[in-house]
Amino acid sequence: MKLYFVYILKCSDGSYYTGVTSDIETRMVQHQSGKYPESYTHKRRPVELVFFCEFNDVVQAIAFEKQVKGWSRKKKEAIINNNWEKLKELSACQNISHSDNFEQNKGFDSAQPDNQQPDNLKRRIKNDTHRKY
């Protein structure tokens, strides 16, 4: 059975690179040698393998790679540090207008504006300019 690997490299500039491969040893040699001059890691060598996980199914491996590529640095560092349970906390929306941040006893049963908006939201709305596209 063929294995596939999703991996994260830490580059010399401190950035992270996420990839997928069926041969992690060969792929590491390619990254370190600079085999592909146009690649992200070429100018950021040396690189260090800081995380990898195995998959039996290439479709699942590619899907996980895409998911990780979209993650914040903090989420990547959580899995690098084997702190998977922290992902839920890091995924929680911190946006003031997110529905989870509204009071529980208030509903959305009225189309009238709420005059009790937080001060920072009022300032943001007041200072926002209207744009036409």
# chains A, B, ... in the order shown; residues from 1 in each chain; ligands from 1
>>> residues_around(residues="stretch 90-95 of chain A", least_positions_apart="4", cutoff="10 Å", atoms="only C-alpha atoms", output="list in words")
Trp71, Ser72, Lys74, Lys75, Ala78, Glu85, Lys86, Ser99, Asp100 and Asn101 of chain A
>>> write_last_selection(atoms="N, CA, C and O atoms", output="PDB file, in the first residue's frame")
ATOM      1  N   TRP A  71      -4.417  27.661   6.860  1.00  0.00           N
ATOM      2  CA  TRP A  71      -4.415  27.934   8.284  1.00  0.00           C
ATOM      3  C   TRP A  71      -3.479  29.075   8.650  1.00  0.00           C
ATOM      4  O   TRP A  71      -2.516  29.376   7.951  1.00  0.00           O
ATOM      5  N   SER A  72      -3.752  29.658   9.792  1.00  0.00           N
ATOM      6  CA  SER A  72      -2.885  30.692  10.356  1.00  0.00           C
ATOM      7  C   SER A  72      -1.589  30.049  10.846  1.00  0.00           C
ATOM      8  O   SER A  72      -1.502  28.825  11.038  1.00  0.00           O
ATOM      9  N   LYS A  74      -0.433  30.284  13.809  1.00  0.00           N
ATOM     10  CA  LYS A  74      -0.689  29.712  15.135  1.00  0.00           C
ATOM     11  C   LYS A  74      -1.285  28.309  15.036  1.00  0.00           C
ATOM     12  O   LYS A  74      -0.951  27.424  15.824  1.00  0.00           O
ATOM     13  N   LYS A  75      -2.172  28.096  14.079  1.00  0.00           N
ATOM     14  CA  LYS A  75      -2.756  26.763  13.918  1.00  0.00           C
ATOM     15  C   LYS A  75      -1.702  25.770  13.437  1.00  0.00           C
ATOM     16  O   LYS A  75      -1.646  24.630  13.903  1.00  0.00           O
ATOM     17  N   ALA A  78       0.374  24.832  16.313  1.00  0.00           N
ATOM     18  CA  ALA A  78      -0.330  23.934  17.231  1.00  0.00           C
ATOM     19  C   ALA A  78      -0.109  22.478  16.818  1.00  0.00           C
ATOM     20  O   ALA A  78       0.205  21.632  17.666  1.00  0.00           O
ATOM     21  N   GLU A  85      -5.700  19.703  20.183  1.00  0.00           N
ATOM     22  CA  GLU A  85      -6.887  20.212  20.868  1.00  0.00           C
ATOM     23  C   GLU A  85      -6.966  21.741  20.826  1.00  0.00           C
ATOM     24  O   GLU A  85      -8.034  22.304  20.998  1.00  0.00           O
ATOM     25  N   LYS A  86      -5.869  22.409  20.581  1.00  0.00           N
ATOM     26  CA  LYS A  86      -5.864  23.879  20.518  1.00  0.00           C
ATOM     27  C   LYS A  86      -6.489  24.400  19.212  1.00  0.00           C
ATOM     28  O   LYS A  86      -6.848  25.565  19.114  1.00  0.00           O
ATOM     29  N   SER A  99     -21.904  36.033  15.141  1.00  0.00           N
ATOM     30  CA  SER A  99     -23.111  35.691  15.893  1.00  0.00           C
ATOM     31  C   SER A  99     -22.809  35.140  17.281  1.00  0.00           C
ATOM     32  O   SER A  99     -23.588  35.330  18.207  1.00  0.00           O
ATOM     33  N   ASP A 100     -21.680  34.478  17.460  1.00  0.00           N
ATOM     34  CA  ASP A 100     -21.331  33.941  18.779  1.00  0.00           C
ATOM     35  C   ASP A 100     -21.038  35.038  19.792  1.00  0.00           C
ATOM     36  O   ASP A 100     -21.037  34.790  20.994  1.00  0.00           O
ATOM     37  N   ASN A 101     -20.792  36.253  19.312  1.00  0.00           N
ATOM     38  CA  ASN A 101     -20.450  37.350  20.204  1.00  0.00           C
ATOM     39  C   ASN A 101     -21.648  38.216  20.568  1.00  0.00           C
ATOM     40  O   ASN A 101     -21.495  39.215  21.261  1.00  0.00           O
TER      41      ASN A 101
END
>>> select_by_dssp(residues="stretch 10-81 of chain A", states="strand (DSSP E or B)", output="MDAnalysis selection string")
chainID A and resid 10 16:21 48:55
>>> write_last_selection(atoms="N, CA, C and O atoms", output="compact mmCIF listing (two decimals), in the first residue's frame")
# COMPACT_ATOMS: atom_id res chain seq x y z
N LYS A 10 10.02 24.31 8.15
CA LYS A 10 10.33 25.65 8.65
C LYS A 10 11.52 26.15 7.85
O LYS A 10 12.57 25.51 7.79
N TYR A 16 6.73 29.09 7.09
CA TYR A 16 6.41 27.68 6.96
C TYR A 16 5.99 27.37 5.53
O TYR A 16 5.33 28.16 4.88
N TYR A 17 6.37 26.18 5.08
CA TYR A 17 5.97 25.68 3.78
C TYR A 17 5.26 24.35 4.00
O TYR A 17 5.76 23.48 4.73
N THR A 18 4.10 24.19 3.41
CA THR A 18 3.32 22.95 3.53
C THR A 18 3.28 22.25 2.18
O THR A 18 3.03 22.90 1.16
N GLY A 19 3.51 20.96 2.17
CA GLY A 19 3.49 20.21 0.93
C GLY A 19 2.96 18.80 1.13
O GLY A 19 2.69 18.36 2.24
N VAL A 20 2.81 18.10 0.00
CA VAL A 20 2.37 16.70 0.01
C VAL A 20 3.30 15.92 -0.92
O VAL A 20 3.73 16.44 -1.95
N THR A 21 3.61 14.69 -0.55
CA THR A 21 4.50 13.86 -1.35
C THR A 21 4.26 12.38 -1.05
O THR A 21 3.69 12.05 -0.01
N GLU A 48 13.86 22.93 7.53
CA GLU A 48 13.81 21.89 8.56
C GLU A 48 12.42 21.25 8.55
O GLU A 48 11.41 21.97 8.58
N LEU A 49 12.37 19.94 8.51
CA LEU A 49 11.10 19.22 8.60
C LEU A 49 10.62 19.29 10.05
O LEU A 49 11.28 18.78 10.95
N VAL A 50 9.48 19.97 10.27
CA VAL A 50 8.98 20.14 11.64
C VAL A 50 7.69 19.37 11.90
O VAL A 50 7.26 19.23 13.05
N PHE A 51 7.06 18.85 10.83
CA PHE A 51 5.82 18.10 10.99
C PHE A 51 5.58 17.25 9.76
O PHE A 51 5.88 17.66 8.64
N PHE A 52 5.03 16.06 9.97
CA PHE A 52 4.48 15.28 8.86
C PHE A 52 3.46 14.30 9.40
O PHE A 52 3.49 13.94 10.58
N CYS A 53 2.52 13.94 8.55
CA CYS A 53 1.56 12.89 8.89
C CYS A 53 1.32 12.04 7.65
O CYS A 53 1.49 12.51 6.53
N GLU A 54 0.96 10.80 7.89
CA GLU A 54 0.80 9.81 6.81
C GLU A 54 -0.66 9.63 6.44
O GLU A 54 -1.54 9.70 7.29
N PHE A 55 -0.88 9.36 5.16
CA PHE A 55 -2.20 9.05 4.63
C PHE A 55 -2.09 7.85 3.70
O PHE A 55 -1.10 7.70 2.99
>>> closest_residue(among="A:Val68, A:Ile80, A:Asp23, A:His31", to="A:Lys43", atoms="only C-alpha atoms")
A:His31
>>> residues_around(residues="A:Val59", least_positions_apart="4", cutoff="12 Å", atoms="only C-alpha atoms", output="PDB file with N, CA and C atoms, in the first residue's frame")
ATOM      1  N   LEU A   3       1.967   5.045   0.637  1.00  0.00           N
ATOM      2  CA  LEU A   3       1.719   6.076   1.638  1.00  0.00           C
ATOM      3  C   LEU A   3       1.951   7.452   1.041  1.00  0.00           C
ATOM      4  N   TYR A   4       1.221   8.420   1.562  1.00  0.00           N
ATOM      5  CA  TYR A   4       1.366   9.822   1.166  1.00  0.00           C
ATOM      6  C   TYR A   4       1.590  10.631   2.426  1.00  0.00           C
ATOM      7  N   PHE A   5       2.365  11.680   2.309  1.00  0.00           N
ATOM      8  CA  PHE A   5       2.741  12.479   3.467  1.00  0.00           C
ATOM      9  C   PHE A   5       2.385  13.941   3.242  1.00  0.00           C
ATOM     10  N   VAL A   6       1.766  14.545   4.244  1.00  0.00           N
ATOM     11  CA  VAL A   6       1.605  15.994   4.282  1.00  0.00           C
ATOM     12  C   VAL A   6       2.652  16.465   5.275  1.00  0.00           C
ATOM     13  N   VAL A  20       2.815  18.095   0.003  1.00  0.00           N
ATOM     14  CA  VAL A  20       2.374  16.699   0.014  1.00  0.00           C
ATOM     15  C   VAL A  20       3.296  15.917  -0.921  1.00  0.00           C
ATOM     16  N   THR A  21       3.609  14.685  -0.550  1.00  0.00           N
ATOM     17  CA  THR A  21       4.503  13.857  -1.355  1.00  0.00           C
ATOM     18  C   THR A  21       4.256  12.385  -1.045  1.00  0.00           C
ATOM     19  N   PHE A  55      -0.877   9.355   5.159  1.00  0.00           N
ATOM     20  CA  PHE A  55      -2.202   9.049   4.625  1.00  0.00           C
ATOM     21  C   PHE A  55      -2.090   7.850   3.699  1.00  0.00           C
ATOM     22  N   ALA A  63      -6.335  16.946   0.293  1.00  0.00           N
ATOM     23  CA  ALA A  63      -7.345  17.761   0.973  1.00  0.00           C
ATOM     24  C   ALA A  63      -6.783  18.336   2.274  1.00  0.00           C
ATOM     25  N   PHE A  64      -6.045  17.527   3.034  1.00  0.00           N
ATOM     26  CA  PHE A  64      -5.457  18.013   4.283  1.00  0.00           C
ATOM     27  C   PHE A  64      -4.376  19.054   4.004  1.00  0.00           C
ATOM     28  N   GLU A  65      -3.570  18.832   2.977  1.00  0.00           N
ATOM     29  CA  GLU A  65      -2.546  19.817   2.612  1.00  0.00           C
ATOM     30  C   GLU A  65      -3.195  21.164   2.305  1.00  0.00           C
ATOM     31  N   LYS A  66      -4.257  21.162   1.514  1.00  0.00           N
ATOM     32  CA  LYS A  66      -4.946  22.412   1.176  1.00  0.00           C
ATOM     33  C   LYS A  66      -5.516  23.074   2.416  1.00  0.00           C
TER      34      LYS A  66
END
>>> atom_distance(atom1="atom CA of A:His42", atom2="atom CA of A:Asp57")
28.3 Å
>>> atom_distance(atom1="atom CA of A:Pro46", atom2="atom CA of A:Cys11")
6.4 Å
>>> atom_distance(atom1="atom CA of A:Ile79", atom2="atom CA of A:Val58")
20.2 Å
>>> residues_around(residues="A:Gln32", least_positions_apart="4", cutoff="7 Å", atoms="only C-alpha atoms", output="list of chain:residue names")
A:Met28, A:Arg45, A:Pro46, A:Val47
>>> select_by_dssp(residues="stretch 37-82 of chain A", states="helix (DSSP H, G or I)", output="list in words")
His42, Lys43, Arg44, Val58, Val59, Gln60, Ala61, Ile62, Ala63, Phe64, Glu65, Lys66, Gln67, Val68, Lys69, Arg73, Lys74, Lys75, Lys76, Glu77, Ala78, Ile79 and Ile80 of chain A
